[in-house]
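Okay, structure first, notes after.
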Amino acid sequence: MTGERPLCGLYVLTDGALTPGARLLPAVAAAIRGGARLVQYRDKGGDARRRLEEATALAALCRRAGVPLVVNDDPALARAAGAAGVHLGADDPDPAEARRLLGPQALVGVSCYDSLARAEEAAAAGADYVAFGSFFPSRTKPAARRAPPALLQRARARLALPLVAIGGITPDNGAALVAAGADLLAVVHGVFGAADIEAAARRYAALFEPAHASGREP
Ligand SMILES: Cc1ncc(COP(=O)(O)OP(=O)(O)O)c(N)n1
Ligand SMILES: Cc1ncsc1CCOP(=O)(O)O
Ligand SMILES: [Mg+2]
């Protein structure tokens, strides 16, 4: 992806239970006002028409805000909705196929769990970022495979592309992940489960401001 802004900061993932129906767009708008720098439409529902409507509306909102929208799991939906890209895990379509469908400008992110080897493969195949985790117990995905924070330091030393950390991240435990090399913190519950979404997003975004980020590895 030839991005306008570097991929760095708070990455918010929507959730069908926390941001249902009419609450989706206001919730994402609040997260962006709070400083979110990347948005993922993550919806595991089976209603294709609703998903297309929601993803299309979110893509328009994100475009106006200058924040890329990534669609989880579904390259065809990303294309139909006019999203900036797609996020793919081990059980999803092949990232190379997604790249062919979405084109060279698209943002293609790949889940790597606790595997540096998988991340190196994804990087060599042209991923725009790689995601590791779950680093902490996740309310959104309790059965997610766990990864140790030290993995981020090893990944940082070996990989030049943006690193995403995900899983049970709070403004308190996220600082150590940023210090270990995470460029983006991917969050569901900590932002969209909050009573004040904008304020919650602001607390994560602050972890990337110079006062906090001075603890980061070069
Ligand atoms: C940024 C980010 N990282 C990891 C995931 C998980 O992807 P996946 O393993 O495909 O699991 P599901 O999200 O599809 O349940 C993600 N979506 N985003
Ligand atoms: C999709 C995903 N993959 C690993 S953990 C997770 C969910 C993260 O959500 P939360 O920030 O609520 O733990
Ligand atoms: Mg997936």
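Lettering and numbering for the structure tokens are positional, with chains as A, B, ... in the shown order, residues counted from 1 in each chain, and ligands counted from 1 in the shown order.
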
Within 6 Å of ligand 2, counting only C-alpha atoms and all ligand atoms, residues as a PyMOL selection string:
chain A and resi 133-134+138-141+144+166-169+187-190

Could you report the residues within 8 Å of ligand 3, using only C-alpha atoms and all ligand atoms, as a PyMOL selection string?
chain A and resi 72-73+87-92+111

Could you find all residues in stretch 78-198 of chain A that DSSP calls strand (DSSP E or B) from the backbone, and write them as a VMD selection string?
chain A and resid 85 to 88 107 to 113 129 to 133 163 to 166 184 to 187

Length of the atom 5 (C, counted along the ligand's line) of ligand 1 to atom CA of A:Ala211 vector [Å]:
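Distance reported for this atom pair: 28.5 Å.
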
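When only C-alpha atoms and all ligand atoms are used to compute distances to ligand 1, the closest of the residues A:Val178, A:Ala199, A:Ala65, A:Ala131 turns out to be A:Ala131.
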
Just asking: which residues within stretch 86-133 of chain A are helix (DSSP H, G or I) according to DSSP, as a compact mmCIF listing (two decimals) with C-alpha atoms, in the first residue's frame?
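File produced: out.txt:
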# COMPACT_ATOMS: atom_id res chain seq x y z
CA PRO A 95 -3.51 -12.75 0.82
CA ALA A 96 -2.01 -13.09 -2.68
CA GLU A 97 -5.49 -13.68 -4.12
CA ALA A 98 -6.78 -10.67 -2.19
CA ARG A 99 -3.97 -8.55 -3.60
CA ARG A 100 -4.89 -9.65 -7.13
CA LEU A 101 -8.53 -8.74 -6.51
CA LEU A 102 -7.94 -5.42 -4.72
CA LEU A 116 7.46 -15.07 13.46
CA ALA A 117 7.91 -17.51 10.55
CA ARG A 118 4.36 -16.80 9.37
CA ALA A 119 5.07 -13.07 9.62
CA GLU A 120 8.25 -13.35 7.57
CA GLU A 121 6.34 -15.29 4.93
CA ALA A 122 3.56 -12.68 4.89
CA ALA A 123 6.09 -9.86 4.62
CA ALA A 124 7.85 -11.58 1.72
